[in-house]
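Chemist: my_file-v3.txt is the file, holding compact mmCIF, N, CA and C atoms:
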```txt
# COMPACT_ATOMS: atom_id res chain seq x y z
N MET A 1 -70.26 -21.00 24.29
CA MET A 1 -69.59 -21.22 25.55
C MET A 1 -70.56 -21.78 26.60
N LEU A 2 -71.80 -21.25 26.61
CA LEU A 2 -72.80 -21.73 27.55
C LEU A 2 -73.15 -23.18 27.28
N LYS A 3 -73.21 -23.55 26.00
CA LYS A 3 -73.53 -24.94 25.65
C LYS A 3 -72.41 -25.88 26.10
N LYS A 4 -71.16 -25.44 25.98
CA LYS A 4 -70.03 -26.27 26.41
C LYS A 4 -70.07 -26.48 27.92
N GLY A 5 -70.37 -25.43 28.67
CA GLY A 5 -70.49 -25.53 30.12
C GLY A 5 -71.63 -26.45 30.52
N ARG A 6 -72.73 -26.36 29.79
CA ARG A 6 -73.88 -27.22 30.07
C ARG A 6 -73.53 -28.69 29.80
N LYS A 7 -72.83 -28.95 28.70
CA LYS A 7 -72.44 -30.33 28.37
C LYS A 7 -71.48 -30.88 29.43
N THR A 8 -70.58 -30.05 29.92
CA THR A 8 -69.66 -30.49 30.97
C THR A 8 -70.43 -30.83 32.24
N LEU A 9 -71.37 -29.99 32.61
CA LEU A 9 -72.19 -30.24 33.80
C LEU A 9 -73.01 -31.52 33.66
N GLU A 10 -73.50 -31.79 32.45
CA GLU A 10 -74.33 -32.96 32.23
C GLU A 10 -73.56 -34.26 32.41
N LYS A 11 -72.25 -34.22 32.31
CA LYS A 11 -71.42 -35.42 32.48
C LYS A 11 -71.25 -35.78 33.96
N LEU A 12 -71.49 -34.83 34.84
CA LEU A 12 -71.33 -35.07 36.28
C LEU A 12 -72.56 -35.77 36.84
N PRO A 13 -72.38 -36.56 37.91
CA PRO A 13 -73.56 -37.13 38.57
C PRO A 13 -74.50 -36.00 39.03
N PRO A 14 -75.81 -36.24 39.01
CA PRO A 14 -76.76 -35.15 39.29
C PRO A 14 -76.75 -34.63 40.72
N TRP A 15 -76.02 -35.22 41.61
CA TRP A 15 -75.99 -34.81 43.01
C TRP A 15 -74.64 -34.23 43.43
N ILE A 16 -73.67 -34.26 42.54
CA ILE A 16 -72.28 -33.99 42.93
C ILE A 16 -72.05 -32.56 43.42
N LEU A 17 -72.65 -31.58 42.78
CA LEU A 17 -72.42 -30.18 43.19
C LEU A 17 -72.95 -29.93 44.60
N THR A 18 -74.12 -30.48 44.89
CA THR A 18 -74.70 -30.36 46.22
C THR A 18 -73.84 -31.07 47.25
N ALA A 19 -73.39 -32.27 46.94
CA ALA A 19 -72.59 -33.05 47.89
C ALA A 19 -71.26 -32.37 48.21
N VAL A 20 -70.58 -31.89 47.19
CA VAL A 20 -69.28 -31.24 47.41
C VAL A 20 -69.46 -29.95 48.21
N THR A 21 -70.45 -29.17 47.86
CA THR A 21 -70.70 -27.91 48.59
C THR A 21 -71.07 -28.19 50.04
N THR A 22 -71.91 -29.20 50.27
CA THR A 22 -72.29 -29.56 51.63
C THR A 22 -71.07 -30.01 52.43
N ALA A 23 -70.21 -30.81 51.82
CA ALA A 23 -69.00 -31.29 52.51
C ALA A 23 -68.11 -30.12 52.90
N VAL A 24 -67.93 -29.16 52.01
CA VAL A 24 -67.10 -27.99 52.31
C VAL A 24 -67.71 -27.18 53.45
N ILE A 25 -69.02 -26.98 53.41
CA ILE A 25 -69.69 -26.22 54.48
C ILE A 25 -69.55 -26.94 55.81
N LEU A 26 -69.74 -28.25 55.82
CA LEU A 26 -69.60 -29.00 57.07
C LEU A 26 -68.19 -28.88 57.62
N TRP A 27 -67.21 -28.95 56.75
CA TRP A 27 -65.82 -28.82 57.19
C TRP A 27 -65.57 -27.42 57.76
N LEU A 28 -66.04 -26.39 57.05
CA LEU A 28 -65.81 -25.02 57.50
C LEU A 28 -66.54 -24.69 58.80
N THR A 29 -67.70 -25.29 59.01
CA THR A 29 -68.51 -24.92 60.17
C THR A 29 -68.33 -25.84 61.37
N LEU A 30 -67.83 -27.06 61.16
CA LEU A 30 -67.72 -27.98 62.28
C LEU A 30 -66.29 -28.29 62.70
N SER A 31 -65.32 -27.91 61.90
CA SER A 31 -63.92 -28.11 62.29
C SER A 31 -63.54 -27.07 63.33
N PRO A 32 -62.69 -27.44 64.29
CA PRO A 32 -62.29 -26.48 65.32
C PRO A 32 -61.60 -25.24 64.73
N LYS A 33 -60.67 -25.45 63.81
CA LYS A 33 -59.96 -24.34 63.16
C LYS A 33 -59.77 -24.70 61.68
N PRO A 34 -60.83 -24.58 60.87
CA PRO A 34 -60.72 -25.01 59.48
C PRO A 34 -59.71 -24.22 58.65
N LEU A 35 -59.44 -22.98 59.03
CA LEU A 35 -58.49 -22.15 58.30
C LEU A 35 -57.18 -21.98 59.06
N GLY A 36 -56.95 -22.82 60.04
CA GLY A 36 -55.75 -22.70 60.86
C GLY A 36 -55.83 -21.48 61.74
N ASP A 37 -54.73 -20.77 61.82
CA ASP A 37 -54.69 -19.56 62.65
C ASP A 37 -55.16 -18.32 61.90
N VAL A 38 -55.47 -18.46 60.63
CA VAL A 38 -55.95 -17.34 59.83
C VAL A 38 -57.40 -17.06 60.23
N SER A 39 -57.68 -15.82 60.51
CA SER A 39 -59.04 -15.43 60.88
C SER A 39 -59.44 -14.21 60.05
N PRO A 40 -59.98 -14.45 58.84
CA PRO A 40 -60.31 -13.30 57.99
C PRO A 40 -61.46 -12.48 58.56
N MET A 41 -61.19 -11.26 58.90
CA MET A 41 -62.22 -10.36 59.40
C MET A 41 -62.05 -9.06 58.64
N LEU A 42 -62.65 -9.02 57.46
CA LEU A 42 -62.49 -7.87 56.60
C LEU A 42 -63.25 -6.65 57.10
N PHE A 43 -64.36 -6.90 57.77
CA PHE A 43 -65.18 -5.82 58.33
C PHE A 43 -66.08 -6.45 59.40
N PRO A 44 -66.62 -5.63 60.30
CA PRO A 44 -67.51 -6.18 61.33
C PRO A 44 -68.71 -6.87 60.67
N GLY A 45 -69.00 -8.07 61.14
CA GLY A 45 -70.12 -8.82 60.57
C GLY A 45 -69.75 -9.67 59.37
N PHE A 46 -68.46 -9.71 59.04
CA PHE A 46 -68.01 -10.49 57.88
C PHE A 46 -68.42 -11.95 58.00
N ASP A 47 -68.39 -12.50 59.21
CA ASP A 47 -68.74 -13.91 59.38
C ASP A 47 -70.20 -14.17 59.00
N LYS A 48 -71.07 -13.21 59.23
CA LYS A 48 -72.48 -13.38 58.85
C LYS A 48 -72.65 -13.34 57.33
N VAL A 49 -71.90 -12.47 56.68
CA VAL A 49 -71.92 -12.42 55.22
C VAL A 49 -71.38 -13.74 54.65
N ALA A 50 -70.33 -14.26 55.27
CA ALA A 50 -69.76 -15.53 54.83
C ALA A 50 -70.80 -16.65 54.99
N HIS A 51 -71.52 -16.67 56.10
CA HIS A 51 -72.57 -17.67 56.30
C HIS A 51 -73.65 -17.54 55.22
N ALA A 52 -74.09 -16.33 54.96
CA ALA A 52 -75.13 -16.12 53.95
C ALA A 52 -74.64 -16.58 52.57
N MET A 53 -73.42 -16.29 52.24
CA MET A 53 -72.86 -16.70 50.95
C MET A 53 -72.75 -18.22 50.86
N MET A 54 -72.27 -18.86 51.91
CA MET A 54 -72.11 -20.32 51.89
C MET A 54 -73.46 -21.01 51.70
N PHE A 55 -74.44 -20.62 52.48
CA PHE A 55 -75.73 -21.31 52.41
C PHE A 55 -76.53 -20.88 51.19
N GLY A 56 -76.30 -19.66 50.72
CA GLY A 56 -76.90 -19.25 49.45
C GLY A 56 -76.31 -20.05 48.30
N PHE A 57 -75.01 -20.25 48.31
CA PHE A 57 -74.36 -21.03 47.27
C PHE A 57 -74.84 -22.48 47.32
N LEU A 58 -75.00 -23.02 48.52
CA LEU A 58 -75.53 -24.39 48.64
C LEU A 58 -76.92 -24.48 48.02
N THR A 59 -77.75 -23.49 48.28
CA THR A 59 -79.09 -23.47 47.68
C THR A 59 -78.98 -23.47 46.16
N LEU A 60 -78.09 -22.66 45.62
CA LEU A 60 -77.90 -22.64 44.16
C LEU A 60 -77.46 -24.00 43.64
N MET A 61 -76.59 -24.68 44.36
CA MET A 61 -76.11 -25.98 43.90
C MET A 61 -77.23 -27.03 43.93
N VAL A 62 -78.07 -26.98 44.96
CA VAL A 62 -79.22 -27.89 45.03
C VAL A 62 -80.14 -27.64 43.84
N LEU A 63 -80.42 -26.38 43.57
CA LEU A 63 -81.31 -26.04 42.46
C LEU A 63 -80.68 -26.39 41.11
N LEU A 64 -79.41 -26.15 40.96
CA LEU A 64 -78.72 -26.47 39.71
C LEU A 64 -78.68 -27.98 39.49
N ASP A 65 -78.36 -28.74 40.54
CA ASP A 65 -78.35 -30.20 40.42
C ASP A 65 -79.73 -30.73 40.01
N ARG A 66 -80.77 -30.20 40.62
CA ARG A 66 -82.12 -30.64 40.28
C ARG A 66 -82.47 -30.25 38.84
N CYS A 67 -82.12 -29.05 38.46
CA CYS A 67 -82.40 -28.57 37.11
C CYS A 67 -81.70 -29.47 36.08
N ARG A 68 -80.46 -29.83 36.35
CA ARG A 68 -79.73 -30.73 35.44
C ARG A 68 -80.42 -32.08 35.38
N TYR A 69 -80.86 -32.58 36.53
CA TYR A 69 -81.47 -33.90 36.62
C TYR A 69 -82.77 -34.00 35.81
N ILE A 70 -83.55 -32.93 35.77
CA ILE A 70 -84.84 -32.96 35.06
C ILE A 70 -84.72 -32.42 33.63
N GLY A 71 -83.52 -32.33 33.12
CA GLY A 71 -83.34 -31.94 31.73
C GLY A 71 -83.40 -30.46 31.46
N TRP A 72 -82.94 -29.67 32.41
CA TRP A 72 -82.86 -28.22 32.29
C TRP A 72 -84.24 -27.56 32.14
N LYS A 73 -85.25 -28.21 32.68
CA LYS A 73 -86.58 -27.61 32.67
C LYS A 73 -86.72 -26.68 33.87
N ARG A 74 -87.71 -25.83 33.80
CA ARG A 74 -87.96 -24.90 34.91
C ARG A 74 -88.34 -25.68 36.16
N LEU A 75 -87.76 -25.28 37.29
CA LEU A 75 -88.08 -25.94 38.55
C LEU A 75 -89.44 -25.48 39.06
N LYS A 76 -90.13 -26.39 39.69
CA LYS A 76 -91.43 -26.04 40.28
C LYS A 76 -91.21 -25.31 41.59
N TRP A 77 -92.16 -24.44 41.92
CA TRP A 77 -92.08 -23.66 43.15
C TRP A 77 -91.95 -24.55 44.37
N GLY A 78 -92.68 -25.66 44.38
CA GLY A 78 -92.64 -26.56 45.53
C GLY A 78 -91.23 -27.07 45.79
N PHE A 79 -90.51 -27.42 44.73
CA PHE A 79 -89.15 -27.90 44.93
C PHE A 79 -88.24 -26.79 45.46
N ILE A 80 -88.39 -25.60 44.92
CA ILE A 80 -87.56 -24.48 45.38
C ILE A 80 -87.80 -24.21 46.86
N ILE A 81 -89.06 -24.23 47.28
CA ILE A 81 -89.39 -23.99 48.69
C ILE A 81 -88.81 -25.10 49.57
N ILE A 82 -88.93 -26.35 49.13
CA ILE A 82 -88.37 -27.47 49.90
C ILE A 82 -86.85 -27.37 49.97
N ALA A 83 -86.21 -26.97 48.88
CA ALA A 83 -84.75 -26.83 48.87
C ALA A 83 -84.31 -25.76 49.86
N VAL A 84 -84.97 -24.62 49.85
CA VAL A 84 -84.64 -23.54 50.79
C VAL A 84 -84.87 -24.01 52.23
N ALA A 85 -85.98 -24.68 52.47
CA ALA A 85 -86.27 -25.17 53.83
C ALA A 85 -85.21 -26.17 54.28
N GLY A 86 -84.79 -27.05 53.38
CA GLY A 86 -83.75 -28.03 53.72
C GLY A 86 -82.43 -27.39 54.04
N VAL A 87 -82.04 -26.41 53.25
CA VAL A 87 -80.78 -25.71 53.49
C VAL A 87 -80.86 -24.93 54.81
N CYS A 88 -81.98 -24.29 55.07
CA CYS A 88 -82.15 -23.57 56.35
C CYS A 88 -82.08 -24.54 57.52
N LEU A 89 -82.70 -25.69 57.38
CA LEU A 89 -82.66 -26.70 58.44
C LEU A 89 -81.23 -27.18 58.67
N LEU A 90 -80.47 -27.35 57.61
CA LEU A 90 -79.06 -27.73 57.77
C LEU A 90 -78.32 -26.69 58.59
N GLY A 91 -78.58 -25.41 58.34
CA GLY A 91 -77.95 -24.35 59.13
C GLY A 91 -78.29 -24.45 60.60
N VAL A 92 -79.53 -24.76 60.92
CA VAL A 92 -79.96 -24.92 62.32
C VAL A 92 -79.25 -26.11 62.95
N VAL A 93 -79.23 -27.23 62.23
CA VAL A 93 -78.59 -28.45 62.74
C VAL A 93 -77.11 -28.20 63.01
N ILE A 94 -76.44 -27.51 62.10
CA ILE A 94 -75.01 -27.22 62.28
C ILE A 94 -74.79 -26.39 63.54
N GLU A 95 -75.63 -25.40 63.79
CA GLU A 95 -75.46 -24.58 64.99
C GLU A 95 -75.59 -25.42 66.27
N PHE A 96 -76.56 -26.32 66.29
CA PHE A 96 -76.72 -27.18 67.46
C PHE A 96 -75.54 -28.16 67.58
N LEU A 97 -75.04 -28.64 66.45
CA LEU A 97 -73.87 -29.53 66.50
C LEU A 97 -72.65 -28.78 67.03
N GLN A 98 -72.48 -27.53 66.61
CA GLN A 98 -71.36 -26.73 67.12
C GLN A 98 -71.43 -26.62 68.64
N LYS A 99 -72.62 -26.43 69.15
CA LYS A 99 -72.82 -26.30 70.60
C LYS A 99 -72.52 -27.62 71.31
N ASP A 100 -73.02 -28.72 70.76
CA ASP A 100 -72.91 -30.02 71.42
C ASP A 100 -71.56 -30.70 71.24
N MET A 101 -70.84 -30.40 70.19
CA MET A 101 -69.57 -31.09 69.91
C MET A 101 -68.42 -30.60 70.79
N GLU A 102 -68.55 -29.43 71.35
CA GLU A 102 -67.53 -28.85 72.23
C GLU A 102 -66.14 -28.85 71.60
N LEU A 103 -66.07 -28.34 70.39
CA LEU A 103 -64.78 -28.25 69.69
C LEU A 103 -64.31 -26.80 69.56
N GLY A 104 -64.78 -25.97 70.44
CA GLY A 104 -64.39 -24.57 70.39
C GLY A 104 -65.32 -23.72 69.53
N ARG A 105 -66.37 -24.32 69.00
CA ARG A 105 -67.35 -23.58 68.22
C ARG A 105 -68.56 -23.32 69.12
N SER A 106 -69.35 -22.34 68.79
CA SER A 106 -70.49 -22.02 69.65
C SER A 106 -71.75 -21.79 68.83
N PHE A 107 -72.87 -21.92 69.50
CA PHE A 107 -74.18 -21.68 68.90
C PHE A 107 -74.40 -20.18 68.76
N GLU A 108 -74.81 -19.75 67.56
CA GLU A 108 -75.12 -18.33 67.36
C GLU A 108 -76.41 -18.21 66.55
N GLY A 109 -77.42 -17.63 67.15
CA GLY A 109 -78.67 -17.42 66.44
C GLY A 109 -78.49 -16.55 65.20
N GLY A 110 -77.54 -15.63 65.28
CA GLY A 110 -77.27 -14.77 64.12
C GLY A 110 -76.79 -15.56 62.91
N ASP A 111 -76.08 -16.65 63.17
CA ASP A 111 -75.65 -17.50 62.05
C ASP A 111 -76.83 -18.17 61.37
N ILE A 112 -77.81 -18.59 62.16
CA ILE A 112 -79.01 -19.20 61.59
C ILE A 112 -79.75 -18.20 60.72
N ILE A 113 -79.85 -16.98 61.19
CA ILE A 113 -80.51 -15.92 60.41
C ILE A 113 -79.73 -15.66 59.13
N ALA A 114 -78.41 -15.60 59.23
CA ALA A 114 -77.57 -15.36 58.04
C ALA A 114 -77.69 -16.52 57.06
N ASP A 115 -77.64 -17.76 57.56
CA ASP A 115 -77.77 -18.93 56.69
C ASP A 115 -79.10 -18.90 55.94
N SER A 116 -80.16 -18.65 56.67
CA SER A 116 -81.50 -18.64 56.08
C SER A 116 -81.67 -17.49 55.10
N SER A 117 -81.15 -16.33 55.46
CA SER A 117 -81.23 -15.17 54.57
C SER A 117 -80.50 -15.43 53.26
N GLY A 118 -79.31 -16.00 53.36
CA GLY A 118 -78.55 -16.31 52.15
C GLY A 118 -79.29 -17.29 51.27
N SER A 119 -79.87 -18.32 51.86
CA SER A 119 -80.61 -19.32 51.10
C SER A 119 -81.80 -18.69 50.38
N ILE A 120 -82.54 -17.87 51.09
CA ILE A 120 -83.72 -17.23 50.49
C ILE A 120 -83.32 -16.26 49.39
N ILE A 121 -82.32 -15.44 49.64
CA ILE A 121 -81.88 -14.45 48.64
C ILE A 121 -81.38 -15.14 47.37
N PHE A 122 -80.57 -16.18 47.53
CA PHE A 122 -80.04 -16.87 46.35
C PHE A 122 -81.15 -17.60 45.60
N ALA A 123 -82.14 -18.13 46.31
CA ALA A 123 -83.28 -18.76 45.64
C ALA A 123 -84.06 -17.73 44.82
N LEU A 124 -84.22 -16.54 45.38
CA LEU A 124 -84.91 -15.47 44.65
C LEU A 124 -84.11 -15.07 43.41
N ILE A 125 -82.80 -15.00 43.54
CA ILE A 125 -81.96 -14.71 42.38
C ILE A 125 -82.13 -15.79 41.32
N TRP A 126 -82.15 -17.06 41.76
CA TRP A 126 -82.36 -18.18 40.83
C TRP A 126 -83.68 -17.98 40.07
N ILE A 127 -84.73 -17.67 40.82
CA ILE A 127 -86.04 -17.50 40.19
C ILE A 127 -86.01 -16.37 39.17
N LEU A 128 -85.38 -15.27 39.52
CA LEU A 128 -85.31 -14.13 38.59
C LEU A 128 -84.49 -14.44 37.34
N LEU A 129 -83.38 -15.13 37.52
CA LEU A 129 -82.49 -15.39 36.39
C LEU A 129 -82.90 -16.59 35.55
N SER A 130 -83.69 -17.49 36.11
CA SER A 130 -84.02 -18.71 35.38
C SER A 130 -85.38 -18.68 34.73
N SER A 131 -85.99 -17.53 34.65
CA SER A 131 -87.33 -17.47 34.05
C SER A 131 -87.33 -18.08 32.65
N ASP A 132 -86.26 -17.86 31.88
CA ASP A 132 -86.13 -18.50 30.57
C ASP A 132 -84.75 -19.10 30.37
N GLY A 133 -83.82 -18.78 31.27
CA GLY A 133 -82.43 -19.12 31.05
C GLY A 133 -82.06 -20.58 30.97
N PHE A 134 -82.70 -21.47 31.71
CA PHE A 134 -82.26 -22.86 31.75
C PHE A 134 -83.13 -23.80 30.92
N ARG A 135 -84.26 -23.33 30.46
CA ARG A 135 -85.12 -24.22 29.68
C ARG A 135 -84.49 -24.50 28.32
N LYS A 136 -84.65 -25.73 27.87
CA LYS A 136 -84.17 -26.08 26.53
C LYS A 136 -85.02 -25.34 25.51
N ARG A 137 -84.38 -24.96 24.47
CA ARG A 137 -85.12 -24.25 23.39
C ARG A 137 -85.28 -25.16 22.21
```
For the file at hand, write its structure as structure tokens.

Modeler:
Amino acid sequence: MLKKGRKTLEKLPPWILTAVTTAVILWLTLSPKPLGDVSPMLFPGFDKVAHAMMFGFLTLMVLLDRCRYIGWKRLKWGFIIIAVAGVCLLGVVIEFLQKDMELGRSFEGGDIIADSSGSIIFALIWILLSSDGFRKR
């Protein structure tokens, strides 16, 4: 089953997962009301968890796209650090865009912390799980 999933992923362009995830995040974070009048608030701080999950998932997609591109070899630390830094920077840029676009969204430092935390945590999970998992045998 894992081989079939890998073969399916290999048919996709090497940037597609990152691009689609980025597009969804931009829509969710920069649209005035991306979910309409629905405002999911399952518990206090849910929006911060959602930010961490979104940007963590984006980090995973960047790493997965790169891993596919280089033939499922282990990623170098330098690339992982650059990927996390890039995703964190995107979170900062989005917050400033929300402030400047005046579409009913606002700048929140807590969102930047959540975005960055999610990116770092998911990168660490990648490192732990990919020690042997993605290399060709």

Chemist: Would you kindly return, as number ranges by chain, each protein, DNA or RNA residue with an atom no farther than 8 Å from any atom of Ile120 in chain A, considering all atoms listed in the file and excluding same-chain residues fewer than 5 positions away?

Modeler: A: 55-56, 59, 84-85, 88, 114-115, 125-126

Chemist: Taking N, CA and C atoms for each residue, export the selection above as a PDB file, keeping the file's coordinate frame.

Modeler:
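Generated output (result14.pdb):
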```pdb
ATOM      1  N   PHE A  55     -74.440 -20.620  52.480  1.00  0.00           N
ATOM      2  CA  PHE A  55     -75.730 -21.310  52.410  1.00  0.00           C
ATOM      3  C   PHE A  55     -76.530 -20.880  51.190  1.00  0.00           C
ATOM      4  N   GLY A  56     -76.300 -19.660  50.720  1.00  0.00           N
ATOM      5  CA  GLY A  56     -76.900 -19.250  49.450  1.00  0.00           C
ATOM      6  C   GLY A  56     -76.310 -20.050  48.300  1.00  0.00           C
ATOM      7  N   THR A  59     -77.750 -23.490  48.280  1.00  0.00           N
ATOM      8  CA  THR A  59     -79.090 -23.470  47.680  1.00  0.00           C
ATOM      9  C   THR A  59     -78.980 -23.470  46.160  1.00  0.00           C
ATOM     10  N   VAL A  84     -84.970 -24.620  49.850  1.00  0.00           N
ATOM     11  CA  VAL A  84     -84.640 -23.540  50.790  1.00  0.00           C
ATOM     12  C   VAL A  84     -84.870 -24.010  52.230  1.00  0.00           C
ATOM     13  N   ALA A  85     -85.980 -24.680  52.470  1.00  0.00           N
ATOM     14  CA  ALA A  85     -86.270 -25.170  53.830  1.00  0.00           C
ATOM     15  C   ALA A  85     -85.210 -26.170  54.280  1.00  0.00           C
ATOM     16  N   CYS A  88     -81.980 -24.290  55.070  1.00  0.00           N
ATOM     17  CA  CYS A  88     -82.150 -23.570  56.350  1.00  0.00           C
ATOM     18  C   CYS A  88     -82.080 -24.540  57.520  1.00  0.00           C
ATOM     19  N   ALA A 114     -78.410 -15.600  59.230  1.00  0.00           N
ATOM     20  CA  ALA A 114     -77.570 -15.360  58.040  1.00  0.00           C
ATOM     21  C   ALA A 114     -77.690 -16.520  57.060  1.00  0.00           C
ATOM     22  N   ASP A 115     -77.640 -17.760  57.560  1.00  0.00           N
ATOM     23  CA  ASP A 115     -77.770 -18.930  56.690  1.00  0.00           C
ATOM     24  C   ASP A 115     -79.100 -18.900  55.940  1.00  0.00           C
ATOM     25  N   ILE A 125     -82.800 -15.000  43.540  1.00  0.00           N
ATOM     26  CA  ILE A 125     -81.960 -14.710  42.380  1.00  0.00           C
ATOM     27  C   ILE A 125     -82.130 -15.790  41.320  1.00  0.00           C
ATOM     28  N   TRP A 126     -82.150 -17.060  41.760  1.00  0.00           N
ATOM     29  CA  TRP A 126     -82.360 -18.180  40.830  1.00  0.00           C
ATOM     30  C   TRP A 126     -83.680 -17.980  40.070  1.00  0.00           C
TER      31      TRP A 126
END
```

Chemist: If the box runs along x, y and z of the file and leaves 4 Å on each side of range 89-101 of chain A, what are its centre and edge lengths in Å, one decimal, as JSON?

Modeler:
```
{"center_x": -75.6, "center_y": -27.7, "center_z": 64.4, "size_x": 22.3, "size_y": 14.7, "size_z": 22.0}
```

Chemist: I'd like the contact shell of Leu63 in chain A - 10 Å cut-off, only C-alpha atoms, skipping same-chain residues fewer than 3 positions apart - returned as a ChimeraX atom specification.

Modeler: /A:17-18,57-60,66-69,75,79-80,83-84,123,126

Chemist: Keeping only N, CA and C atoms, write the selected residues to a file as a PDB file, in the frame of the given file.

Modeler:
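Just written: result_1.pdb:
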```pdb
ATOM      1  N   LEU A  17     -72.650 -31.580  42.780  1.00  0.00           N
ATOM      2  CA  LEU A  17     -72.420 -30.180  43.190  1.00  0.00           C
ATOM      3  C   LEU A  17     -72.950 -29.930  44.600  1.00  0.00           C
ATOM      4  N   THR A  18     -74.120 -30.480  44.890  1.00  0.00           N
ATOM      5  CA  THR A  18     -74.700 -30.360  46.220  1.00  0.00           C
ATOM      6  C   THR A  18     -73.840 -31.070  47.250  1.00  0.00           C
ATOM      7  N   PHE A  57     -75.010 -20.250  48.310  1.00  0.00           N
ATOM      8  CA  PHE A  57     -74.360 -21.030  47.270  1.00  0.00           C
ATOM      9  C   PHE A  57     -74.840 -22.480  47.320  1.00  0.00           C
ATOM     10  N   LEU A  58     -75.000 -23.020  48.520  1.00  0.00           N
ATOM     11  CA  LEU A  58     -75.530 -24.390  48.640  1.00  0.00           C
ATOM     12  C   LEU A  58     -76.920 -24.480  48.020  1.00  0.00           C
ATOM     13  N   THR A  59     -77.750 -23.490  48.280  1.00  0.00           N
ATOM     14  CA  THR A  59     -79.090 -23.470  47.680  1.00  0.00           C
ATOM     15  C   THR A  59     -78.980 -23.470  46.160  1.00  0.00           C
ATOM     16  N   LEU A  60     -78.090 -22.660  45.620  1.00  0.00           N
ATOM     17  CA  LEU A  60     -77.900 -22.640  44.160  1.00  0.00           C
ATOM     18  C   LEU A  60     -77.460 -24.000  43.640  1.00  0.00           C
ATOM     19  N   ARG A  66     -80.770 -30.200  40.620  1.00  0.00           N
ATOM     20  CA  ARG A  66     -82.120 -30.640  40.280  1.00  0.00           C
ATOM     21  C   ARG A  66     -82.470 -30.250  38.840  1.00  0.00           C
ATOM     22  N   CYS A  67     -82.120 -29.050  38.460  1.00  0.00           N
ATOM     23  CA  CYS A  67     -82.400 -28.570  37.110  1.00  0.00           C
ATOM     24  C   CYS A  67     -81.700 -29.470  36.080  1.00  0.00           C
ATOM     25  N   ARG A  68     -80.460 -29.830  36.350  1.00  0.00           N
ATOM     26  CA  ARG A  68     -79.730 -30.730  35.440  1.00  0.00           C
ATOM     27  C   ARG A  68     -80.420 -32.080  35.380  1.00  0.00           C
ATOM     28  N   TYR A  69     -80.860 -32.580  36.530  1.00  0.00           N
ATOM     29  CA  TYR A  69     -81.470 -33.900  36.620  1.00  0.00           C
ATOM     30  C   TYR A  69     -82.770 -34.000  35.810  1.00  0.00           C
ATOM     31  N   LEU A  75     -87.760 -25.280  37.290  1.00  0.00           N
ATOM     32  CA  LEU A  75     -88.080 -25.940  38.550  1.00  0.00           C
ATOM     33  C   LEU A  75     -89.440 -25.480  39.060  1.00  0.00           C
ATOM     34  N   PHE A  79     -90.510 -27.420  44.730  1.00  0.00           N
ATOM     35  CA  PHE A  79     -89.150 -27.900  44.930  1.00  0.00           C
ATOM     36  C   PHE A  79     -88.240 -26.790  45.460  1.00  0.00           C
ATOM     37  N   ILE A  80     -88.390 -25.600  44.920  1.00  0.00           N
ATOM     38  CA  ILE A  80     -87.560 -24.480  45.380  1.00  0.00           C
ATOM     39  C   ILE A  80     -87.800 -24.210  46.860  1.00  0.00           C
ATOM     40  N   ALA A  83     -86.210 -26.970  48.880  1.00  0.00           N
ATOM     41  CA  ALA A  83     -84.750 -26.830  48.870  1.00  0.00           C
ATOM     42  C   ALA A  83     -84.310 -25.760  49.860  1.00  0.00           C
ATOM     43  N   VAL A  84     -84.970 -24.620  49.850  1.00  0.00           N
ATOM     44  CA  VAL A  84     -84.640 -23.540  50.790  1.00  0.00           C
ATOM     45  C   VAL A  84     -84.870 -24.010  52.230  1.00  0.00           C
ATOM     46  N   ALA A 123     -82.140 -18.130  46.310  1.00  0.00           N
ATOM     47  CA  ALA A 123     -83.280 -18.760  45.640  1.00  0.00           C
ATOM     48  C   ALA A 123     -84.060 -17.730  44.820  1.00  0.00           C
ATOM     49  N   TRP A 126     -82.150 -17.060  41.760  1.00  0.00           N
ATOM     50  CA  TRP A 126     -82.360 -18.180  40.830  1.00  0.00           C
ATOM     51  C   TRP A 126     -83.680 -17.980  40.070  1.00  0.00           C
TER      52      TRP A 126
END
```

Chemist: Might you pull out every residue within 9 Å of Trp15 in chain A, with only C-alpha atoms counted and same-chain residues fewer than 4 positions away left off, and present them as an NGL selection string?

Modeler: :A and (19-20 or 61-62 or 65-66 or 69)

Chemist: Residues of range 1-35 of chain A in alpha helix (DSSP H) according to DSSP, as a list of chain:residue names?

Modeler: A:Leu2, A:Lys3, A:Lys4, A:Gly5, A:Arg6, A:Lys7, A:Thr8, A:Leu9, A:Glu10, A:Lys11, A:Ile16, A:Leu17, A:Thr18, A:Ala19, A:Val20, A:Thr21, A:Thr22, A:Ala23, A:Val24, A:Ile25, A:Leu26, A:Trp27, A:Leu28, A:Thr29, A:Leu30

Chemist: So how far away is atom C of Ala52 in chain A from atom C of Ser117 in chain A, in Å?

Modeler: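 Rounded to one decimal, the two atoms are 6.0 Å apart.
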
Chemist: Closest to Phe107 in chain A among A:Asp47, A:Val93, A:Gly78, A:Lys11, using only C-alpha atoms?

Modeler: A:Val93

Chemist: What is the atom N of Arg6 in chain A-CA of Phe122 in chain A distance in Å, reported with one decimal?

Modeler: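 These two atoms are separated by 20.4 Å.
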
Chemist: Grab the atom C of Gly45 in chain A to atom C of Ala23 in chain A distance for me, in Å with one decimal place.

Modeler: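 Value for the atom C of Gly45 in chain A-atom C of Ala23 in chain A distance: 21.5 Å.
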
Chemist: Leaving out range 29-32 of chain A and any residue of its chain fewer than 6 positions from it, which residues lie within 10 Å of it when counting only C-alpha atoms, given as a list in words?

Modeler: Ala23, His51, Gly91, Ile94, Glu95, Leu97, Gln98, Lys99, Met101, Glu102, Leu103, Gly104, Arg105 and Ser106 of chain A

Chemist: Between A:Lys33, A:Lys73, A:Lys48, A:Lys4, which one has atoms that come closest to Ile113 in chain A, using only C-alpha atoms?

Modeler: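 Residue with the minimum atom-to-atom distance to Ile113 in chain A: A:Lys48.
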
Chemist: Looking at A:Leu28, A:Ile127, A:Ile16, A:Ile82, which one is nearest to Ala50 in chain A, with distances taken over only C-alpha atoms?

Modeler: A:Leu28
